[in-house]
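Asks: Have a look at the structure that comes next, please.
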Amino acid sequence: MMTCGVSTTASVAWGMLFLLTSSTQAFVPLSSTVHYHHASMPLSPLSAEPNDKKKVVVVGNGMVGQRFMEQLRKLDPTAHQVDICTFGEEPRAAYNRVKLTSFFETRDPSALSMTSDFDESGTTAWYKDNQVTLHLNDKVTEVDTQEQTVTSAQGRTVPYDICVMATGSYPFVPPIPGKQRPGVFVYRTIEDLQAMLQYAQDHNVQSAAVIGGGLLGLEAAKAAQDIGIPASHIIEFAPILMCRQIDDGGHAVLVNKIESMGIQVHCNARTQAIVGQDGSTDDNDSMSPVAALSFSNEGWEDLPVQMVIVSAGIKPRDELARGTDGALAIGERGGIVINDSCQTSLDNVYAIGEIALYNNFIYGLIAPGYTMANVAAQCVAQQLDMTDAPDELPAFQGADMSTKLKLLGCDVASFGVNQPRPDDDDVSYLTWNDPVSGIYRKLVLNKDGTKLRGGILVGDASDYDTLHTYAVKQVDQELPVPAAMLLAPPSARGGDALDLGADAAANDDPTAQICSCNDVTRGDIAAVIAELGVEGATLAQVKKCSQAGTGCGGCEPQVKSILKAELENLGGSLSNHLCEHFSYSRPELMALIRTDPDITSVDTFDKILHKHGNGGDGCEQCKPAVGSILASLVNDVITDNGLDALQDTNDRSMANMQRGGTYSVVPRVPGGELLPEQLIALGDTAKKFNLYTKITGAQRVDLFGAAKHELPDIWEELGKAGFESGHAYGKALRTVKSCVGSTWCRYGVQDSVSFAVRVENRYKGIRSPHKMKSAVSGCVRECAEAQSKDFGMIATENGYNLYFGGNGGTNPVHAELFAADIDEDTVIQYIDRYLMYYILTADKLERTAVWQKKLPSGKNGGGPIEHLKEVIMEDSLGICDELDSRMAHLVNTYHDEWAEVVKDPVRRAKFQQFANTDQTIDKQDMLEFVDMRGQQRPADWPKDGEAQTMWQAPDTDVFAKSEKSWVRVGSVADFPANVGTPILYSDTQLAVFNNAHRGEWYCTQNMCPHKQAFVLSQGLVGDAAGTPKVACPLHKKQFSLEDGVELGAEEPLSIITFPVKVEGDDVLVKLPAELEVDAILGTHGLRVTKSDCIDIAGDALKVPSRFSNVMKDGQQLAEALTGGRKAASTTVLQATSNNTTEALSDE
């Protein structure tokens, strides 16, 4: 077990190795003509000079090779004994192939990294921190076992004392004519996925086929769906899917589940050729793109597809071993032969993972690979005299190949002897087949039915761990209950677990294995929780420190259950609280507020904090949540009565903050319908304020690059054209997309545009736990993509089909059919109730799709969608009247937020750039803009750590020797309570915070040091453990308002703070002379300029020359300040004072 304090290595994500095949089981039986003595022989130490460091070369930088290096380095944490070098042919360091499909959730390779984020070169900090030499994009081409060197494609020759072969396997592509065509891919690397995605986009791929119906084939089918390919097919040679893991009954249930997702399954398929667009079928040289698959099956027609993904098996990558002239023994069908120590036929060469052939088997799961890595690391350490000789070395003696997976959303598990041999007489079976619920279970028992030997679970594998314990770990023990009691799935028992000895063992036995991927026991997890303590033991930290749940993820529910139990044993609990200020989740706090008999006692944040909170000032977590709750229940203008202090980055400004602190403006376009005059108004407004324009993905026009103080003027222009706020900045309804429907389209069967306009105008402005989107399609062709929305409608001849719970984004979810052929009024009624039920019960920042999946199943076992039908149609909870009345209140109290601001001078004044002056600083003086295709956009942000990022003042107390004066910056009324307000001091922007909760005032620089953006005054004010803080609105970096130090960071940034006092109605800040402050914090000196942008038109805006003297004088003064010379601040103050500030007498 690795805990946070034991190893210098970063936490590593592990999992079940994905290289499994369509028609092969998890391990592949291979016959071998090589007879090699597998003995646990003593390992011969290698001779070397006493002070020489031994050299270990790992060929292959995959998951198993990475595990070996981590285990070896744990035995030599200071790298004094061993130099480790590894080669990888891919452009980045080891990543988690098991979770390859999840790449589409973020499309960020770093999310799959085994260590930490990848840098530009593809490596991570782990290799430098652990003194491991990593060669990327450099495939090893030769292993010279006599000279003990490896040579790479880039010409590197590296000597070794120990060589570890971890080259894994490669996808087997059958010799199908046409396999060379554009559009044919294998599913193995991130580059494969990126290539698929690019090809699908470039060629508008509408259908794809996956050749192979094994574990990897099903994952590849999911990848095709995640790419957005509408029609997918699985082509399997065998009669059933996953024929080594499940049987006919499991296959039937699995196919029903897969085909319900729109993926067609074709078994017994004999693929004959991949047909090109030129019609060629047997040309192995044609580069005509994929057009179809042809089959040799009698009567089968060609299957039109535009992409083919081959997942038909694996082969060990043993070509290096084959080049050693027999020095390394190889099996007849491939793989390097190893013994119990993972040694090959040469005692200084090891093989681990899918390249290793042990007892004529290649193991295709990650757990056995990790076991090999652990064994090899300890044996290598002993062989190199790194450790004392143990009484007994570990040995690899095979592995349990039981698996539990979620494939295309369906539980699939097999364990123990799941398919007994035909000559096995000690067998009896129990089978549960429920096609209605989509559950199949088969238990393999001994002939007497007293012992569990194995099983197959499809559709519900939630009791896998209990059954696995009986079949594998307690194989010789009789069952404590009749076997029939184990057969019913937990979902059929209402989710109740049986009171069984195995459950108790799994819950209490510290030796019980929880994570098979990383061999983590219950005791390991409990020890980590105890080490972290009640306060530190979050699920994320427990996973990071124990490695449990970081592989395939199948054991995460168990890890969470253990965490809950252990925290209770320690006197704590697994918290779902909003934050330190509220010991409630959002649904719990919502219930307390909405059921309060005196609504006036809970109509402000302060009242709610006093009545239901734990004190303090609140924070960036609870304030927006409470603000959303109040908006959903009361629906006042969000800038009034202190509500603006609760709003997150975008809501406070009622616009989306973009890079550099500028904002985007998105007017509402109901149903995507625009008048020509409105289009002209959009263009005129964009030209007047020099805004970048772009059509959004939701049928609206986005205007980028507005300064905050320009927003009221922009909206005044747009309001004249009839535009209302589009609420793109809020957790609210964004759009209701539509096709033209029956008004124009020859296929349309309903007026989808008019209905979309009606729906959008009804729900506009309604705040919810997360953003919501909708769409109306005028026919089943689904051009508006209604089934990918939170709620969507598809027209039929008889009305509309209504769908709930879909969403796009990083984790697309297909909406579920709620009702069919219903009229518009009924659709509206059902949506009213659905949305209010969601608003009242969902967690903070929880999309409808996630919330919906967490709902209980309906009475008939139909899942959450049946529960919703019972609640919304049948009023099973008795809350429909409340849902209807609350929605009616929100609809009736709608107000256009921007219209309210534009017409009210008091509200409008909140958008003034600086509280102490009407003077403004142009956005181009804070951030360089460059030309792009005739429009202006901000210069690219430099990467963190480069110039113009991670700013630090020249000294921790740069103004320590400066003379200071109390400067009046405004009246108390100029600074609203519990928010920040910007002021201008010569060329320096400062932020003044009126913390009315505490009766305290603070002043800091307005520039966040992370990206040098002048935005801190727009951040949420709160506290963390009693320390007042502000959260930067761009990336939520939190800074103490007392001393300016960043909170919770390993390498904290800091901001400069200044004393504030209030005398009567005057607010005063103690400041050095203007020129001194400008030298360090002046806006123009901190302007973010072009990094590697391409100025297409050659006319990037430049810093106005009128500031050159100020910057020059400031630079000289900064040098004087940092050199320790005291500036004559009185003289400077007189020389540079202007009308924006008023210097008062020195203290």
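Identifiers for the structure tokens are assigned positionally: chains receive A, B, ... in sequence, residues are indexed from 1 per chain, and ligands are indexed from 1 in the order shown.
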Excluding Thr662 in chain A and its own-chain neighbours fewer than 5 positions away, which residues fall within 10 Å of it when counting only C-alpha atoms? Please give them as an MDAnalysis selection string.
Replies: chainID A and resid 655:657 704:708 923 927 938 1013:1015
Asks: Extract, using only C-alpha atoms, all DNA, RNA and protein residues at most 10 Å from range 122-129 of chain A, discarding same-chain residues fewer than 5 positions from it, and format them as a list of chain:residue names.
Replies: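 The residues satisfying every condition are A:Thr8, A:Thr9, A:Ala10, A:Ser11, A:Met69, A:Glu70, A:Thr78, A:Ile84, A:Cys85, A:Thr86, A:Glu90, A:Pro91, A:Arg92, A:Ala93, A:Ala94, A:Pro109, A:Ser110, A:Ser113, A:Met114, A:Thr115, A:Ser116, A:Asp117, A:Leu134, A:His135, A:Leu136, A:Asn137.
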Asks: Filtering to N, CA and C atoms, could you give me those residues as a compact mmCIF listing (two decimals), in the first residue's frame?
Replies:
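Final output, part08.txt:
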```
# COMPACT_ATOMS: atom_id res chain seq x y z
N THR A 8 7.65 9.34 -2.85
CA THR A 8 7.77 10.61 -3.56
C THR A 8 7.02 10.58 -4.87
N THR A 9 6.52 9.46 -5.26
CA THR A 9 5.81 9.38 -6.52
C THR A 9 4.44 10.00 -6.39
N ALA A 10 3.99 10.56 -7.50
CA ALA A 10 2.63 11.08 -7.52
C ALA A 10 1.66 9.93 -7.54
N SER A 11 0.39 10.24 -7.20
CA SER A 11 -0.61 9.18 -7.23
C SER A 11 -0.75 8.68 -8.65
N MET A 69 8.61 0.71 -12.48
CA MET A 69 9.55 1.77 -12.10
C MET A 69 9.16 2.38 -10.76
N GLU A 70 7.90 2.56 -10.54
CA GLU A 70 7.48 3.13 -9.26
C GLU A 70 7.82 2.19 -8.11
N THR A 78 15.98 7.63 -3.11
CA THR A 78 16.91 8.73 -3.38
C THR A 78 17.72 8.52 -4.65
N ILE A 84 17.50 4.58 -13.64
CA ILE A 84 16.41 3.99 -14.41
C ILE A 84 16.23 4.80 -15.68
N CYS A 85 16.13 4.08 -16.78
CA CYS A 85 15.90 4.70 -18.09
C CYS A 85 14.76 3.95 -18.76
N THR A 86 13.86 4.65 -19.40
CA THR A 86 12.75 3.99 -20.08
C THR A 86 12.51 4.62 -21.44
N GLU A 90 5.41 6.44 -28.00
CA GLU A 90 4.34 7.42 -28.13
C GLU A 90 4.85 8.81 -27.74
N PRO A 91 4.08 9.86 -28.07
CA PRO A 91 4.56 11.23 -27.80
C PRO A 91 4.36 11.71 -26.38
N ARG A 92 3.85 10.85 -25.51
CA ARG A 92 3.66 11.26 -24.12
C ARG A 92 3.92 10.08 -23.20
N ALA A 93 4.15 10.42 -21.94
CA ALA A 93 4.47 9.40 -20.94
C ALA A 93 3.26 8.52 -20.65
N ALA A 94 3.48 7.54 -19.78
CA ALA A 94 2.46 6.52 -19.51
C ALA A 94 1.12 7.13 -19.15
N PRO A 109 -5.44 14.86 -22.71
CA PRO A 109 -4.61 13.69 -22.40
C PRO A 109 -4.17 13.64 -20.94
N SER A 110 -3.99 14.80 -20.32
CA SER A 110 -3.52 14.83 -18.93
C SER A 110 -4.52 14.17 -17.99
N SER A 113 -3.31 10.73 -17.48
CA SER A 113 -1.92 10.53 -17.09
C SER A 113 -1.81 9.63 -15.87
N MET A 114 -0.77 8.81 -15.86
CA MET A 114 -0.52 7.92 -14.73
C MET A 114 0.10 8.66 -13.55
N THR A 115 0.61 9.86 -13.81
CA THR A 115 1.33 10.57 -12.75
C THR A 115 0.72 11.94 -12.53
N SER A 116 1.02 12.90 -13.40
CA SER A 116 0.46 14.24 -13.27
C SER A 116 0.31 14.80 -14.68
N ASP A 117 -0.03 16.09 -14.78
CA ASP A 117 -0.30 16.67 -16.09
C ASP A 117 0.92 16.60 -16.99
N LEU A 134 13.53 9.51 -19.35
CA LEU A 134 12.44 9.10 -20.22
C LEU A 134 12.73 9.56 -21.64
N HIS A 135 12.69 8.63 -22.59
CA HIS A 135 12.86 8.94 -24.01
C HIS A 135 11.53 8.68 -24.71
N LEU A 136 10.86 9.76 -25.14
CA LEU A 136 9.59 9.64 -25.83
C LEU A 136 9.79 9.67 -27.34
N ASN A 137 8.78 9.20 -28.05
CA ASN A 137 8.86 9.15 -29.51
C ASN A 137 10.11 8.41 -29.98
```
Asks: Please identify all polymer residues within 8 Å of range 436-450 of chain A, counting only C-alpha atoms, omitting same-chain residues fewer than 6 positions from it, and present them as a list in words.
Replies: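 So, after excluding close chain neighbours, the residues are Gly249, Gly250, Val253, Leu254, Asn256, Lys257, Val417, Asn418, Asp425, Asp426, Val427, Ser428, Tyr429, Leu430, Ile456, Leu457, Val458, Gly459, Asp460, Glu478, Leu479, Pro482, Ala483, Leu487, Pro489, Gly861 and Gly862 of chain A.
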Asks: Put those residues in a file: N, CA, C and O atoms, as an mmCIF file, in the first residue's frame.
Replies:
```cif
data_model
loop_
_atom_site.group_PDB
_atom_site.id
_atom_site.type_symbol
_atom_site.label_atom_id
_atom_site.label_comp_id
_atom_site.auth_asym_id
_atom_site.auth_seq_id
_atom_site.Cartn_x
_atom_site.Cartn_y
_atom_site.Cartn_z
ATOM 1 N N GLY A 249 -27.469 -16.539 -22.716
ATOM 2 C CA GLY A 249 -28.417 -15.729 -21.959
ATOM 3 C C GLY A 249 -27.886 -14.341 -21.657
ATOM 4 O O GLY A 249 -28.593 -13.339 -21.798
ATOM 5 N N GLY A 250 -26.633 -14.282 -21.244
ATOM 6 C CA GLY A 250 -26.019 -12.980 -20.996
ATOM 7 C C GLY A 250 -25.904 -12.170 -22.271
ATOM 8 O O GLY A 250 -26.088 -10.946 -22.261
ATOM 9 N N VAL A 253 -29.277 -10.396 -23.174
ATOM 10 C CA VAL A 253 -29.547 -9.205 -22.359
ATOM 11 C C VAL A 253 -28.614 -8.070 -22.769
ATOM 12 O O VAL A 253 -29.034 -6.911 -22.902
ATOM 13 N N LEU A 254 -27.343 -8.388 -22.971
ATOM 14 C CA LEU A 254 -26.374 -7.367 -23.339
ATOM 15 C C LEU A 254 -26.714 -6.745 -24.685
ATOM 16 O O LEU A 254 -26.641 -5.522 -24.853
ATOM 17 N N ASN A 256 -29.677 -6.521 -26.091
ATOM 18 C CA ASN A 256 -30.845 -5.649 -25.939
ATOM 19 C C ASN A 256 -30.446 -4.282 -25.393
ATOM 20 O O ASN A 256 -30.950 -3.254 -25.831
ATOM 21 N N LYS A 257 -29.550 -4.297 -24.421
ATOM 22 C CA LYS A 257 -29.095 -3.043 -23.840
ATOM 23 C C LYS A 257 -28.346 -2.212 -24.880
ATOM 24 O O LYS A 257 -28.563 -1.004 -25.022
ATOM 25 N N VAL A 417 -15.092 -20.116 -12.007
ATOM 26 C CA VAL A 417 -15.325 -21.030 -13.138
ATOM 27 C C VAL A 417 -16.662 -20.646 -13.750
ATOM 28 O O VAL A 417 -17.711 -21.164 -13.381
ATOM 29 N N ASN A 418 -16.641 -19.736 -14.692
ATOM 30 C CA ASN A 418 -17.918 -19.268 -15.247
ATOM 31 C C ASN A 418 -18.399 -20.104 -16.425
ATOM 32 O O ASN A 418 -19.578 -20.066 -16.757
ATOM 33 N N ASP A 425 -17.749 -32.823 -14.214
ATOM 34 C CA ASP A 425 -18.983 -33.456 -13.713
ATOM 35 C C ASP A 425 -19.528 -32.795 -12.452
ATOM 36 O O ASP A 425 -20.708 -32.989 -12.113
ATOM 37 N N ASP A 426 -18.685 -32.050 -11.756
ATOM 38 C CA ASP A 426 -19.109 -31.484 -10.473
ATOM 39 C C ASP A 426 -19.738 -30.107 -10.695
ATOM 40 O O ASP A 426 -19.253 -29.074 -10.227
ATOM 41 N N VAL A 427 -20.850 -30.092 -11.404
ATOM 42 C CA VAL A 427 -21.444 -28.826 -11.832
ATOM 43 C C VAL A 427 -22.959 -28.873 -11.718
ATOM 44 O O VAL A 427 -23.597 -29.891 -12.028
ATOM 45 N N SER A 428 -23.523 -27.775 -11.244
ATOM 46 C CA SER A 428 -24.964 -27.511 -11.353
ATOM 47 C C SER A 428 -25.140 -26.014 -11.542
ATOM 48 O O SER A 428 -24.239 -25.228 -11.249
ATOM 49 N N TYR A 429 -26.311 -25.624 -12.033
ATOM 50 C CA TYR A 429 -26.508 -24.225 -12.405
ATOM 51 C C TYR A 429 -27.796 -23.674 -11.803
ATOM 52 O O TYR A 429 -28.790 -24.393 -11.623
ATOM 53 N N LEU A 430 -27.761 -22.386 -11.527
ATOM 54 C CA LEU A 430 -28.971 -21.616 -11.236
ATOM 55 C C LEU A 430 -28.964 -20.414 -12.172
ATOM 56 O O LEU A 430 -27.941 -19.744 -12.327
ATOM 57 N N ILE A 456 -21.825 -15.665 -13.960
ATOM 58 C CA ILE A 456 -21.934 -14.614 -14.970
ATOM 59 C C ILE A 456 -23.039 -13.668 -14.518
ATOM 60 O O ILE A 456 -24.136 -14.113 -14.147
ATOM 61 N N LEU A 457 -22.761 -12.391 -14.551
ATOM 62 C CA LEU A 457 -23.729 -11.373 -14.136
ATOM 63 C C LEU A 457 -23.810 -10.317 -15.232
ATOM 64 O O LEU A 457 -22.807 -9.718 -15.589
ATOM 65 N N VAL A 458 -25.004 -10.078 -15.731
ATOM 66 C CA VAL A 458 -25.210 -9.045 -16.748
ATOM 67 C C VAL A 458 -26.406 -8.194 -16.329
ATOM 68 O O VAL A 458 -27.471 -8.734 -16.009
ATOM 69 N N GLY A 459 -26.224 -6.884 -16.319
ATOM 70 C CA GLY A 459 -27.326 -5.974 -15.998
ATOM 71 C C GLY A 459 -27.342 -5.513 -14.561
ATOM 72 O O GLY A 459 -27.702 -4.376 -14.274
ATOM 73 N N ASP A 460 -26.989 -6.385 -13.622
ATOM 74 C CA ASP A 460 -26.905 -6.012 -12.206
ATOM 75 C C ASP A 460 -25.804 -6.860 -11.578
ATOM 76 O O ASP A 460 -25.985 -8.056 -11.331
ATOM 77 N N GLU A 478 -18.489 -24.108 2.297
ATOM 78 C CA GLU A 478 -19.881 -24.219 1.877
ATOM 79 C C GLU A 478 -20.595 -22.895 2.096
ATOM 80 O O GLU A 478 -20.248 -22.107 2.983
ATOM 81 N N LEU A 479 -21.615 -22.676 1.281
ATOM 82 C CA LEU A 479 -22.377 -21.451 1.391
ATOM 83 C C LEU A 479 -23.160 -21.421 2.704
ATOM 84 O O LEU A 479 -23.703 -22.448 3.133
ATOM 85 N N PRO A 482 -28.905 -21.140 1.448
ATOM 86 C CA PRO A 482 -29.210 -21.856 0.206
ATOM 87 C C PRO A 482 -28.791 -21.036 -1.010
ATOM 88 O O PRO A 482 -28.940 -19.800 -1.033
ATOM 89 N N ALA A 483 -28.264 -21.715 -2.012
ATOM 90 C CA ALA A 483 -27.738 -21.012 -3.184
ATOM 91 C C ALA A 483 -28.801 -20.156 -3.858
ATOM 92 O O ALA A 483 -28.489 -19.101 -4.423
ATOM 93 N N LEU A 487 -29.245 -15.926 -5.912
ATOM 94 C CA LEU A 487 -29.526 -15.780 -7.335
ATOM 95 C C LEU A 487 -30.189 -14.456 -7.669
ATOM 96 O O LEU A 487 -29.821 -13.810 -8.652
ATOM 97 N N PRO A 489 -31.039 -10.720 -8.156
ATOM 98 C CA PRO A 489 -30.193 -9.526 -8.129
ATOM 99 C C PRO A 489 -30.632 -8.575 -7.023
ATOM 100 O O PRO A 489 -31.808 -8.549 -6.645
ATOM 101 N N GLY A 861 -40.155 -1.303 -11.579
ATOM 102 C CA GLY A 861 -38.772 -1.616 -11.930
ATOM 103 C C GLY A 861 -38.303 -0.966 -13.204
ATOM 104 O O GLY A 861 -37.323 -1.409 -13.800
ATOM 105 N N GLY A 862 -38.974 0.089 -13.631
ATOM 106 C CA GLY A 862 -38.635 0.721 -14.891
ATOM 107 C C GLY A 862 -37.577 1.786 -14.806
ATOM 108 O O GLY A 862 -37.355 2.513 -15.771
#
```
Asks: According to DSSP computed on the backbone, where in range 235-439 of chain A is there strand (DSSP E)? Give the residues as a PyMOL selection string.
Replies: chain A and resi 235+263-266+271-276+290-295+303-304+307-310+314-316+336-337+349-351+356-358+361-363+403-407+410-416+428-434+439
Asks: Which value, in Å to one decimal, gives the distance between CA of Glu760 in chain A and CA of Ile227 in chain A?
Replies: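 Separation of CA of Glu760 in chain A and CA of Ile227 in chain A: 28.8 Å.
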Asks: Just want the 8 Å neighbourhood of Gln148 in chain A, counted on only C-alpha atoms, with same-chain residues fewer than 6 positions away dropped. Output as a PyMOL selection string.
Replies: chain A and resi 159-161
Asks: Take the residues from that selection and write them out as a PDB file, in the first residue's frame, keeping N, CA and C atoms.
Replies:
```
ATOM      1  N   PRO A 159      23.481   1.245 -22.142  1.00  0.00           N
ATOM      2  CA  PRO A 159      23.853  -0.024 -21.507  1.00  0.00           C
ATOM      3  C   PRO A 159      22.894  -0.346 -20.358  1.00  0.00           C
ATOM      4  N   TYR A 160      22.835  -1.622 -20.026  1.00  0.00           N
ATOM      5  CA  TYR A 160      21.982  -2.016 -18.903  1.00  0.00           C
ATOM      6  C   TYR A 160      22.652  -3.100 -18.075  1.00  0.00           C
ATOM      7  N   ASP A 161      22.325  -3.115 -16.805  1.00  0.00           N
ATOM      8  CA  ASP A 161      22.602  -4.263 -15.950  1.00  0.00           C
ATOM      9  C   ASP A 161      21.393  -5.177 -15.911  1.00  0.00           C
TER      10      ASP A 161
END
```
Asks: Can you pull out every residue within 9 Å of range 597-611 of chain A, counting only C-alpha atoms, but drop anything in the same chain fewer than 2 positions away, and send it as an MDAnalysis selection string?
Replies: chainID A and resid 581:582 593:595 613:618 623 626:627 630 634 641:643 646 997
Asks: Range 998-1008 of chain A: which residues within 7 Å, counting only C-alpha atoms, same-chain residues fewer than 2 positions away excluded, as a count of residues only?
Replies: 25
Asks: For a quick check of understanding, using only C-alpha atoms, which of A:Gly934, A:Pro624, A:Pro230, A:Gly741 has the smallest distance to Gly262 in chain A?
Replies: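 Using only C-alpha atoms, Gly262 in chain A sits closest to A:Pro230.
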Asks: Which is closest to Asp302 in chain A among A:Ala269, A:Leu1086, A:Ala681, A:Val759, if we use only C-alpha atoms?
Replies: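 With only C-alpha atoms as the atom set, the closest residue is A:Ala269.
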Asks: Could you give me, as a VMD selection string, the residues within 6 Å of Phe929 in chain A, counting only C-alpha atoms and dropping anything in the same chain fewer than 4 positions from it?
Replies: chain A and resid 936 to 939 1101
Asks: Write the residues you've just listed into a file as a compact mmCIF listing (two decimals), in the first residue's frame, and include C-alpha atoms for each of them.
Replies:
```
# COMPACT_ATOMS: atom_id res chain seq x y z
CA GLN A 936 -10.02 41.50 -32.90
CA ARG A 937 -9.46 38.97 -30.16
CA PRO A 938 -7.23 38.94 -27.04
CA ALA A 939 -3.64 37.84 -27.40
CA LEU A 1101 -2.99 47.14 -31.24
```
Asks: Between A:Leu365, A:Leu1068, A:Leu452, A:Cys379, which has the minimum distance to Asn339 in chain A (counting only C-alpha atoms)?
Replies: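 Answer, going by the shortest atom-to-atom distance: A:Cys379.
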Asks: So the first atom is CA of Ala395 in chain A and the second is CA of Asp340 in chain A; what is the distance between them in Å, to one decimal place?
Replies: 4.9 Å
Asks: In Å to one decimal, how far is CA of Ile514 in chain A from CA of Gly313 in chain A?
Replies: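 About the pair CA of Gly313 in chain A and CA of Ile514 in chain A: they are 28.8 Å apart.
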